>>> print(open('protein_3.cif').read())   # mmCIF, C-alpha atoms
data_start
#
loop_
_atom_site.group_PDB
_atom_site.id
_atom_site.type_symbol
_atom_site.label_atom_id
_atom_site.label_comp_id
_atom_site.auth_asym_id
_atom_site.auth_seq_id
_atom_site.Cartn_x
_atom_site.Cartn_y
_atom_site.Cartn_z
ATOM 1 C CA MET A 1 0.000 0.000 0.000
ATOM 2 C CA PHE A 2 1.305 3.425 -0.890
ATOM 3 C CA THR A 3 0.286 6.726 0.638
ATOM 4 C CA LYS A 4 0.755 10.116 -0.852
ATOM 5 C CA THR A 5 3.335 12.161 1.097
ATOM 6 C CA LYS A 6 2.681 15.798 1.832
ATOM 7 C CA PRO A 7 5.136 18.281 0.337
ATOM 8 C CA ILE A 8 7.516 19.946 2.768
ATOM 9 C CA SER A 9 6.572 23.571 3.222
ATOM 10 C CA ASN A 10 8.856 26.293 1.927
ATOM 11 C CA LEU A 11 9.075 27.644 5.482
ATOM 12 C CA LEU A 12 10.416 24.335 6.799
ATOM 13 C CA VAL A 13 12.941 24.092 3.985
ATOM 14 C CA SER A 14 14.162 27.602 4.723
ATOM 15 C CA PHE A 15 14.509 26.739 8.407
ATOM 16 C CA LEU A 16 16.543 23.608 7.673
ATOM 17 C CA VAL A 17 18.872 25.508 5.349
ATOM 18 C CA LEU A 18 19.355 28.246 7.924
ATOM 19 C CA ALA A 19 20.079 25.714 10.679
ATOM 20 C CA ALA A 20 22.722 24.082 8.514
ATOM 21 C CA LEU A 21 24.422 27.415 7.948
ATOM 22 C CA ILE A 22 24.538 28.444 11.593
ATOM 23 C CA GLU A 23 27.919 27.577 13.113
ATOM 24 C CA VAL A 24 27.769 25.609 16.330
ATOM 25 C CA SER A 25 29.082 27.395 19.419
ATOM 26 C CA HIS A 26 30.093 25.372 22.478
ATOM 27 C CA ALA A 27 29.702 26.568 26.057
ATOM 28 C CA GLY A 28 32.589 26.411 28.509
ATOM 29 C CA GLY A 29 33.695 27.263 32.030
ATOM 30 C CA ILE A 30 36.393 29.312 33.749
ATOM 31 C CA ALA A 31 39.385 27.787 35.542
ATOM 32 C CA ILE A 32 41.283 29.870 38.092
ATOM 33 C CA TYR A 33 44.561 29.493 39.978
ATOM 34 C CA TRP A 34 44.271 30.203 43.699
ATOM 35 C CA GLY A 35 46.883 30.210 46.440
ATOM 36 C CA GLN A 36 49.556 32.746 45.605
ATOM 37 C CA SER A 37 48.257 35.821 47.419
ATOM 38 C CA GLY A 38 46.749 36.297 50.854
ATOM 39 C CA SER A 39 44.713 39.172 49.358
ATOM 40 C CA GLU A 40 42.850 37.045 46.828
ATOM 41 C CA THR A 41 40.027 36.037 49.258
ATOM 42 C CA THR A 42 39.497 32.623 50.841
ATOM 43 C CA LEU A 43 38.561 29.509 48.919
ATOM 44 C CA ASN A 44 35.007 29.819 50.231
ATOM 45 C CA GLN A 45 34.720 33.382 48.972
ATOM 46 C CA THR A 46 36.344 32.448 45.670
ATOM 47 C CA CYS A 47 33.882 29.641 45.015
ATOM 48 C CA ASN A 48 30.911 31.672 46.237
ATOM 49 C CA THR A 49 31.406 34.107 43.339
ATOM 50 C CA SER A 50 29.882 31.394 41.095
ATOM 51 C CA ARG A 51 32.319 32.426 38.352
ATOM 52 C CA TYR A 52 34.589 29.392 38.352
ATOM 53 C CA LYS A 53 34.097 25.787 37.333
ATOM 54 C CA TYR A 54 37.637 24.703 38.216
ATOM 55 C CA VAL A 55 39.979 25.876 40.980
ATOM 56 C CA ASN A 56 43.663 24.971 40.919
ATOM 57 C CA ILE A 57 45.307 25.227 44.345
ATOM 58 C CA ALA A 58 48.830 26.493 43.634
ATOM 59 C CA PHE A 59 51.436 25.193 44.295
ATOM 60 C CA LEU A 60 53.135 22.065 45.513
ATOM 61 C CA ASN A 61 56.455 23.430 44.286
ATOM 62 C CA LYS A 62 58.948 21.149 45.993
ATOM 63 C CA PHE A 63 58.988 17.428 45.226
ATOM 64 C CA GLY A 64 60.793 14.627 43.435
ATOM 65 C CA SER A 65 64.417 13.445 43.395
ATOM 66 C CA ARG A 66 64.205 12.503 47.086
ATOM 67 C CA ARG A 67 63.187 16.009 48.195
ATOM 68 C CA SER A 68 60.769 16.428 51.093
ATOM 69 C CA PRO A 69 57.575 17.687 49.399
ATOM 70 C CA GLY A 70 56.691 21.301 50.089
ATOM 71 C CA LEU A 71 53.399 23.161 49.650
ATOM 72 C CA ASN A 72 53.515 26.932 49.114
ATOM 73 C CA LEU A 73 50.234 28.816 49.609
ATOM 74 C CA ALA A 74 51.764 32.260 49.915
ATOM 75 C CA GLY A 75 50.046 34.377 52.545
ATOM 76 C CA HIS A 76 47.272 31.894 53.324
ATOM 77 C CA CYS A 77 48.705 29.371 55.757
ATOM 78 C CA ASN A 78 51.835 27.594 56.934
ATOM 79 C CA PRO A 79 51.832 23.924 55.885
ATOM 80 C CA GLY A 80 54.941 23.332 58.005
ATOM 81 C CA ASN A 81 52.937 23.429 61.227
ATOM 82 C CA GLY A 82 49.771 21.878 59.798
ATOM 83 C CA GLY A 83 48.156 25.278 59.354
ATOM 84 C CA CYS A 84 46.779 24.517 55.902
ATOM 85 C CA ARG A 85 44.548 21.684 57.081
ATOM 86 C CA VAL A 86 41.879 24.285 57.805
ATOM 87 C CA ALA A 87 41.418 24.462 54.026
ATOM 88 C CA SER A 88 39.756 21.049 54.075
ATOM 89 C CA SER A 89 36.263 22.358 54.838
ATOM 90 C CA GLU A 90 36.601 25.056 52.200
ATOM 91 C CA ILE A 91 37.657 22.537 49.553
ATOM 92 C CA LYS A 92 34.610 20.449 50.405
ATOM 93 C CA HIS A 93 32.442 23.560 50.213
ATOM 94 C CA CYS A 94 33.683 24.305 46.692
ATOM 95 C CA GLN A 95 33.114 20.712 45.623
ATOM 96 C CA SER A 96 29.576 20.821 47.010
ATOM 97 C CA LYS A 97 28.920 23.602 44.486
ATOM 98 C CA GLY A 98 30.034 21.356 41.614
ATOM 99 C CA ILE A 99 33.482 22.926 41.324
ATOM 100 C CA LYS A 100 36.438 20.649 40.626
ATOM 101 C CA VAL A 101 39.360 21.454 42.925
ATOM 102 C CA MET A 102 42.803 20.381 41.743
ATOM 103 C CA LEU A 103 46.245 20.524 43.315
ATOM 104 C CA SER A 104 48.670 22.252 40.975
ATOM 105 C CA ILE A 105 52.219 20.943 41.080
ATOM 106 C CA GLY A 106 55.215 22.880 39.793
ATOM 107 C CA GLY A 107 54.997 26.575 39.001
ATOM 108 C CA GLY A 108 57.546 29.124 37.847
ATOM 109 C CA ILE A 109 59.455 29.124 41.142
ATOM 110 C CA GLY A 110 60.414 26.040 43.135
ATOM 111 C CA GLN A 111 62.576 22.963 43.456
ATOM 112 C CA TYR A 112 61.116 20.010 41.634
ATOM 113 C CA SER A 113 62.115 17.335 39.153
ATOM 114 C CA LEU A 114 61.708 13.632 38.485
ATOM 115 C CA ALA A 115 64.852 11.521 38.473
ATOM 116 C CA SER A 116 63.442 8.277 37.050
ATOM 117 C CA LYS A 117 60.299 6.217 36.454
ATOM 118 C CA ALA A 118 60.652 4.901 39.996
ATOM 119 C CA ASP A 119 60.783 8.476 41.263
ATOM 120 C CA ALA A 120 57.634 9.293 39.282
ATOM 121 C CA LYS A 121 55.919 6.345 40.937
ATOM 122 C CA ARG A 122 56.970 7.549 44.402
ATOM 123 C CA VAL A 123 55.676 11.060 43.717
ATOM 124 C CA ALA A 124 52.384 9.678 42.386
ATOM 125 C CA ALA A 125 51.956 7.607 45.569
ATOM 126 C CA TYR A 126 52.701 10.670 47.709
ATOM 127 C CA LEU A 127 50.153 12.777 45.835
ATOM 128 C CA TYR A 128 47.488 10.081 46.008
ATOM 129 C CA ASN A 129 47.956 9.388 49.712
ATOM 130 C CA ASN A 130 48.283 13.021 50.802
ATOM 131 C CA PHE A 131 45.838 14.888 48.550
ATOM 132 C CA LEU A 132 43.619 12.386 46.761
ATOM 133 C CA GLY A 133 41.824 9.203 47.818
ATOM 134 C CA GLY A 134 44.634 7.538 49.734
ATOM 135 C CA ARG A 135 45.566 7.706 53.404
ATOM 136 C CA SER A 136 48.330 9.486 55.270
ATOM 137 C CA ALA A 137 48.745 10.946 58.745
ATOM 138 C CA SER A 138 50.324 14.064 57.286
ATOM 139 C CA ARG A 139 47.752 15.265 54.744
ATOM 140 C CA PRO A 140 48.711 18.968 54.279
ATOM 141 C CA LEU A 141 45.192 20.062 53.285
ATOM 142 C CA GLY A 142 43.386 17.821 55.738
ATOM 143 C CA SER A 143 40.841 15.126 54.967
ATOM 144 C CA ALA A 144 39.394 16.706 51.819
ATOM 145 C CA VAL A 145 39.875 14.561 48.718
ATOM 146 C CA LEU A 146 40.846 16.763 45.810
ATOM 147 C CA ASN A 147 39.519 15.975 42.344
ATOM 148 C CA GLY A 148 42.907 15.602 40.722
ATOM 149 C CA ILE A 149 46.348 16.943 39.897
ATOM 150 C CA ASP A 150 47.291 19.851 37.657
ATOM 151 C CA PHE A 151 50.693 19.838 35.938
ATOM 152 C CA ASP A 152 52.218 23.345 35.687
ATOM 153 C CA ILE A 153 55.751 22.227 34.907
ATOM 154 C CA GLU A 154 58.027 25.110 33.976
ATOM 155 C CA LEU A 155 61.492 24.162 35.231
ATOM 156 C CA GLY A 156 63.717 21.253 36.229
ATOM 157 C CA SER A 157 63.959 18.030 34.276
ATOM 158 C CA THR A 158 62.002 17.402 31.100
ATOM 159 C CA LYS A 159 61.710 13.645 31.637
ATOM 160 C CA TYR A 160 59.250 11.272 33.325
ATOM 161 C CA TRP A 161 56.198 13.559 33.455
ATOM 162 C CA ALA A 162 54.367 11.125 31.182
ATOM 163 C CA ASP A 163 55.179 8.371 33.677
ATOM 164 C CA LEU A 164 53.803 10.470 36.525
ATOM 165 C CA ALA A 165 50.582 10.982 34.562
ATOM 166 C CA ARG A 166 50.251 7.231 33.950
ATOM 167 C CA TYR A 167 50.826 6.344 37.607
ATOM 168 C CA LEU A 168 48.302 8.931 38.779
ATOM 169 C CA ALA A 169 45.690 7.873 36.236
ATOM 170 C CA ALA A 170 46.085 4.275 37.419
ATOM 171 C CA TYR A 171 44.675 5.319 40.805
ATOM 172 C CA SER A 172 41.300 6.065 39.223
ATOM 173 C CA LYS A 173 38.464 3.804 40.322
ATOM 174 C CA PRO A 174 34.810 3.561 39.277
ATOM 175 C CA GLY A 175 33.137 6.616 40.752
ATOM 176 C CA LYS A 176 36.465 7.967 42.032
ATOM 177 C CA LYS A 177 38.275 9.268 38.994
ATOM 178 C CA VAL A 178 41.599 11.035 39.375
ATOM 179 C CA TYR A 179 41.359 13.994 37.005
ATOM 180 C CA LEU A 180 44.483 15.303 35.320
ATOM 181 C CA SER A 181 45.017 18.784 33.919
ATOM 182 C CA ALA A 182 48.005 20.614 32.484
ATOM 183 C CA ALA A 183 49.103 24.174 31.732
ATOM 184 C CA PRO A 184 51.611 23.973 28.870
ATOM 185 C CA GLN A 185 53.140 26.999 27.158
ATOM 186 C CA CYS A 186 51.615 27.766 23.751
ATOM 187 C CA PRO A 187 54.651 26.858 21.564
ATOM 188 C CA ILE A 188 54.291 23.270 20.306
ATOM 189 C CA PRO A 189 55.647 20.941 21.559
ATOM 190 C CA ASP A 190 55.828 22.107 25.150
ATOM 191 C CA LYS A 191 59.377 21.619 26.406
ATOM 192 C CA PHE A 192 58.336 19.849 29.593
ATOM 193 C CA LEU A 193 54.878 18.407 28.956
ATOM 194 C CA GLY A 194 54.959 17.414 25.289
ATOM 195 C CA PRO A 195 55.339 13.632 25.863
ATOM 196 C CA ALA A 196 52.919 13.686 28.804
ATOM 197 C CA LEU A 197 50.202 15.371 26.737
ATOM 198 C CA SER A 198 50.691 12.749 24.032
ATOM 199 C CA THR A 199 49.463 10.046 26.430
ATOM 200 C CA GLY A 200 45.886 11.295 26.061
ATOM 201 C CA LEU A 201 45.397 11.007 29.824
ATOM 202 C CA PHE A 202 44.740 14.673 30.523
ATOM 203 C CA ASP A 203 41.116 15.661 30.972
ATOM 204 C CA TYR A 204 41.740 19.410 30.743
ATOM 205 C CA VAL A 205 44.542 21.297 29.017
ATOM 206 C CA TRP A 206 44.698 25.043 29.706
ATOM 207 C CA VAL A 207 47.324 26.425 27.378
ATOM 208 C CA GLN A 208 49.228 29.527 28.471
ATOM 209 C CA PHE A 209 48.714 31.904 25.550
ATOM 210 C CA TYR A 210 50.861 34.587 27.186
ATOM 211 C CA ASN A 211 54.546 35.361 27.844
ATOM 212 C CA ASN A 212 55.148 33.764 24.437
ATOM 213 C CA PRO A 213 55.134 36.420 21.673
ATOM 214 C CA PRO A 214 55.030 33.982 18.715
ATOM 215 C CA CYS A 215 51.670 32.567 19.841
ATOM 216 C CA GLN A 216 50.004 35.273 21.887
ATOM 217 C CA TYR A 217 47.820 38.323 21.288
ATOM 218 C CA SER A 218 49.271 41.674 20.332
ATOM 219 C CA PRO A 219 47.122 44.814 20.097
ATOM 220 C CA GLY A 220 45.042 44.687 16.930
ATOM 221 C CA ASN A 221 46.355 41.267 15.903
ATOM 222 C CA THR A 222 44.473 38.060 16.719
ATOM 223 C CA SER A 223 45.885 36.029 13.824
ATOM 224 C CA ARG A 224 48.848 34.501 15.659
ATOM 225 C CA ILE A 225 46.921 33.471 18.754
ATOM 226 C CA LEU A 226 44.049 31.980 16.726
ATOM 227 C CA ALA A 227 46.507 30.096 14.521
ATOM 228 C CA SER A 228 48.148 28.692 17.644
ATOM 229 C CA TRP A 229 44.766 27.686 19.058
ATOM 230 C CA LYS A 230 43.985 25.761 15.855
ATOM 231 C CA ARG A 231 47.304 23.916 16.066
ATOM 232 C CA TRP A 232 46.447 22.811 19.612
ATOM 233 C CA VAL A 233 42.958 21.740 18.510
ATOM 234 C CA ARG A 234 44.506 19.464 15.893
ATOM 235 C CA MET A 235 46.358 17.467 18.563
ATOM 236 C CA LYS A 236 44.415 14.195 18.706
ATOM 237 C CA SER A 237 45.489 13.412 22.278
ATOM 238 C CA ILE A 238 43.751 16.484 23.741
ATOM 239 C CA LYS A 239 40.198 16.083 25.020
ATOM 240 C CA LYS A 240 39.230 19.521 26.337
ATOM 241 C CA LEU A 241 41.199 22.648 25.523
ATOM 242 C CA PHE A 242 41.115 25.901 27.483
ATOM 243 C CA PHE A 243 42.290 29.370 26.497
ATOM 244 C CA GLY A 244 44.787 30.435 29.189
ATOM 245 C CA LEU A 245 45.145 34.169 29.863
ATOM 246 C CA PRO A 246 46.438 36.649 32.464
ATOM 247 C CA ALA A 247 43.526 38.201 34.373
ATOM 248 C CA ALA A 248 45.221 41.634 34.325
ATOM 249 C CA LYS A 249 48.127 43.345 32.597
ATOM 250 C CA ALA A 250 50.221 43.021 35.758
ATOM 251 C CA ALA A 251 49.615 39.255 35.907
ATOM 252 C CA ALA A 252 52.055 38.503 33.072
ATOM 253 C CA GLY A 253 54.939 40.029 31.182
ATOM 254 C CA SER A 254 52.961 40.091 27.925
ATOM 255 C CA GLY A 255 49.872 38.702 26.242
ATOM 256 C CA TYR A 256 47.055 40.446 28.109
ATOM 257 C CA ILE A 257 43.802 40.588 26.126
ATOM 258 C CA PRO A 258 41.183 43.244 26.987
ATOM 259 C CA PRO A 259 37.877 41.547 27.881
ATOM 260 C CA ASP A 260 35.986 43.199 25.013
ATOM 261 C CA VAL A 261 38.534 41.906 22.497
ATOM 262 C CA LEU A 262 38.290 38.406 23.939
ATOM 263 C CA THR A 263 34.498 38.319 23.837
ATOM 264 C CA SER A 264 34.094 39.922 20.396
ATOM 265 C CA LYS A 265 37.100 38.737 18.394
ATOM 266 C CA ILE A 266 38.391 35.516 19.930
ATOM 267 C CA LEU A 267 35.719 33.584 21.822
ATOM 268 C CA PRO A 268 33.326 33.465 18.828
ATOM 269 C CA GLU A 269 36.086 31.720 16.874
ATOM 270 C CA ILE A 270 37.482 29.286 19.441
ATOM 271 C CA ARG A 271 34.035 28.230 20.693
ATOM 272 C CA LYS A 272 33.427 26.583 17.323
ATOM 273 C CA SER A 273 35.670 23.681 18.281
ATOM 274 C CA THR A 274 34.160 20.614 19.947
ATOM 275 C CA LYS A 275 37.321 20.537 22.084
ATOM 276 C CA TYR A 276 36.637 23.968 23.537
ATOM 277 C CA GLY A 277 36.436 23.754 27.319
ATOM 278 C CA GLY A 278 36.536 27.390 28.377
ATOM 279 C CA VAL A 279 39.036 29.944 29.669
ATOM 280 C CA MET A 280 41.785 29.652 32.271
ATOM 281 C CA LEU A 281 42.839 32.750 34.200
ATOM 282 C CA TRP A 282 46.046 33.478 36.087
ATOM 283 C CA ASN A 283 45.213 34.183 38.856
ATOM 284 C CA ARG A 284 42.498 34.768 41.469
ATOM 285 C CA TYR A 285 44.186 37.842 42.978
ATOM 286 C CA TYR A 286 44.437 39.638 39.644
ATOM 287 C CA ASP A 287 40.950 38.550 38.681
ATOM 288 C CA ARG A 288 39.599 39.974 41.921
ATOM 289 C CA VAL A 289 41.334 43.307 41.278
ATOM 290 C CA ASN A 290 40.511 43.537 37.561
ATOM 291 C CA GLY A 291 37.119 41.802 37.455
ATOM 292 C CA TYR A 292 38.067 39.871 34.327
ATOM 293 C CA SER A 293 35.935 36.780 34.931
ATOM 294 C CA ALA A 294 32.897 38.925 35.733
ATOM 295 C CA ALA A 295 33.336 40.712 32.388
ATOM 296 C CA ILE A 296 33.561 37.542 30.287
ATOM 297 C CA LYS A 297 31.564 34.877 32.135
ATOM 298 C CA SER A 298 28.360 35.232 30.118
ATOM 299 C CA LYS A 299 30.321 34.808 26.865
ATOM 300 C CA VAL A 300 32.504 31.854 27.891
#
>>> encode(input="protein_3.cif", output="structure tokens")
Amino acid sequence: MFTKTKPISNLLVSFLVLAALIEVSHAGGIAIYWGQSGSETTLNQTCNTSRYKYVNIAFLNKFGSRRSPGLNLAGHCNPGNGGCRVASSEIKHCQSKGIKVMLSIGGGIGQYSLASKADAKRVAAYLYNNFLGGRSASRPLGSAVLNGIDFDIELGSTKYWADLARYLAAYSKPGKKVYLSAAPQCPIPDKFLGPALSTGLFDYVWVQFYNNPPCQYSPGNTSRILASWKRWVRMKSIKKLFFGLPAAKAAAGSGYIPPDVLTSKILPEIRKSTKYGGVMLWNRYYDRVNGYSAAIKSKV
């Protein structure tokens, strides 16, 4: 039996054509680094702004090669006498709001390196037992279980970071995933994290598109930074990619992008990628002073 089909209306055809022409735009979130200024507000206050989806506690900047691990939360607390354990309730508060809280290891100042695969395994065990789902009597941030580890590796050895990522990822369990994030410099490949990023184990990659003139913004010129973004998008191992920026001119040596330029010239382009995850800002203190996240949040 055959039935006569009704012709599709011209209005419907026009709608379908229009829908096909509209470029998809993906929503994202804002990641912030917290911990390097006593004037940046507490973790509770930071998370209560409702601006951030990810908070990186910065930094564990002493570890590896048989060093005694050291946490540096400048101006907030003294981990040496257990003073940073009070942060536990604030970490839990942030997580209760759906915010992922990561421990950032490394930074631009510190004493850290990995001497071997065995050393990477030891550091992974320390991180898991002291900040993640393991157990230790000396947990610097108290009983709170952080969501994962952020790699901000900018000095020391260039080897074994991929091994550290593998050992940390192996601690993931059903319902208790260990998230991994990284903050490479925008030149490809990153000197320290190139091999680690190639493992495909990182859930979030917030590229530092600043302090690197060949791949950063310069007044009136978005071509270089957008070209760099596209090169990062083409890396098959990356799952979610974030646009890393200084939250104020004073936050970096170069590469600051005025909020109106970001929202009108850059975000409309980078949001087209299915890998787009959002924007990373350095750091909470400068964001508090400059109000950068407040200016861009609705567009991210």
>>> closest_atom_pairs(input="protein_3.cif", of="range 77-186 of chain A", to="range 36-50 of chain A", cutoff="12 Å", atoms="all atoms listed in the file", output="Markdown table")
| residue | atom | partner | partner_atom | distance |
| --- | --- | --- | --- | --- |
| A:Cys77 | CA | A:Gly38 | CA | 8.7 |
| A:Asn78 | CA | A:Gly38 | CA | 11.8 |
| A:Cys84 | CA | A:Leu43 | CA | 11.9 |
| A:Val86 | CA | A:Leu43 | CA | 10.8 |
| A:Ala87 | CA | A:Leu43 | CA | 7.7 |
| A:Ser88 | CA | A:Leu43 | CA | 10.0 |
| A:Ser89 | CA | A:Asn44 | CA | 8.9 |
| A:Glu90 | CA | A:Asn44 | CA | 5.4 |
| A:Ile91 | CA | A:Leu43 | CA | 7.1 |
| A:Lys92 | CA | A:Asn44 | CA | 9.4 |
| A:His93 | CA | A:Asn44 | CA | 6.8 |
| A:Cys94 | CA | A:Cys47 | CA | 5.6 |
| A:Gln95 | CA | A:Cys47 | CA | 9.0 |
| A:Ser96 | CA | A:Cys47 | CA | 10.0 |
| A:Lys97 | CA | A:Cys47 | CA | 7.8 |
| A:Gly98 | CA | A:Cys47 | CA | 9.7 |
| A:Ile99 | CA | A:Cys47 | CA | 7.7 |
| A:Lys100 | CA | A:Cys47 | CA | 10.3 |
| A:Val101 | CA | A:Cys47 | CA | 10.1 |
| A:Ser104 | CA | A:Gln36 | CA | 11.5 |
| A:Gly107 | CA | A:Gln36 | CA | 10.5 |
| A:Gly108 | CA | A:Gln36 | CA | 11.7 |
| A:Ile109 | CA | A:Gln36 | CA | 11.4 |
>>> resolve_selection(input="protein_3.cif", expression="the PyMOL selection byres ((chain A and resi 138-141) around 9)", output="count of residues only")
21
>>> closest_atom_pairs(input="protein_3.cif", of="range 115-168 of chain A", to="range 208-231 of chain A", cutoff="12 Å", atoms="all atoms listed in the file", output="tab-separated table")
residue	atom	partner	partner_atom	distance
A:Asp152	CA	A:Gln208	CA	10.0
A:Ile153	CA	A:Gln208	CA	11.7
A:Glu154	CA	A:Gln208	CA	11.3
>>> resolve_selection(input="protein_3.cif", expression="the PyMOL selection byres ((chain A and resi 27) around 8)", output="count of residues only")
9
>>> resolve_selection(input="protein_3.cif", expression="the PyMOL selection byres ((chain A and resi 178) around 7)", output="number ranges by chain")
A: 147-148, 169, 171-172, 176-177, 179-180
>>> closest_residue(input="protein_3.cif", among="A:Ile32, A:Lys299, A:Tyr112, A:Arg67", to="Glu269 in chain A", atoms="all atoms listed in the file")
A:Lys299
>>> closest_residue(input="protein_3.cif", among="A:Ala250, A:Asn56, A:Leu197, A:Gly244", to="Leu146 in chain A", atoms="only C-alpha atoms")
A:Asn56
>>> atom_distance(input="protein_3.cif", atom1="CA of Arg166 in chain A", atom2="CA of Ser65 in chain A")
18.1 Å
>>> closest_residue(input="protein_3.cif", among="A:Arg51, A:Lys121, A:Lys275, A:Lys236", to="Arg288 in chain A", atoms="all atoms listed in the file")
A:Arg51
>>> atom_distance(input="protein_3.cif", atom1="CA of Gly64 in chain A", atom2="CA of Ile105 in chain A")
10.9 Å
>>> atom_distance(input="protein_3.cif", atom1="CA of Ser254 in chain A", atom2="CA of Ile238 in chain A")
25.7 Å
>>> residues_around(input="protein_3.cif", residues="Ala165 in chain A", least_positions_apart="2", cutoff="9 Å", atoms="all atoms listed in the file", output="number ranges by chain")
A: 120, 124, 151, 160-163, 167-170, 180, 196-197, 199, 201-202
>>> closest_residue(input="protein_3.cif", among="A:Pro184, A:Gly253, A:Pro259, A:Pro246", to="Tyr285 in chain A", atoms="all atoms listed in the file")
A:Pro246
>>> closest_residue(input="protein_3.cif", among="A:Ser198, A:Thr274, A:Ser68, A:Asn283", to="Val233 in chain A", atoms="all atoms listed in the file")
A:Thr274
>>> residues_near_point(input="protein_3.cif", point="(40.3, 34.0, 34.7)", cutoff="9 Å", atoms="only C-alpha atoms", output="ChimeraX atom specification")
/A:30-33,51-52,244-247,279-284,286-287,291-294,296
>>> residues_around(input="protein_3.cif", residues="Val207 in chain A", least_positions_apart="6", cutoff="8 Å", atoms="all atoms listed in the file", output="MDAnalysis selection string")
chainID A and resid 182:186 241:244
>>> closest_residue(input="protein_3.cif", among="A:Ile149, A:Met235, A:Leu114, A:Met102", to="Lys53 in chain A", atoms="only C-alpha atoms")
A:Met102
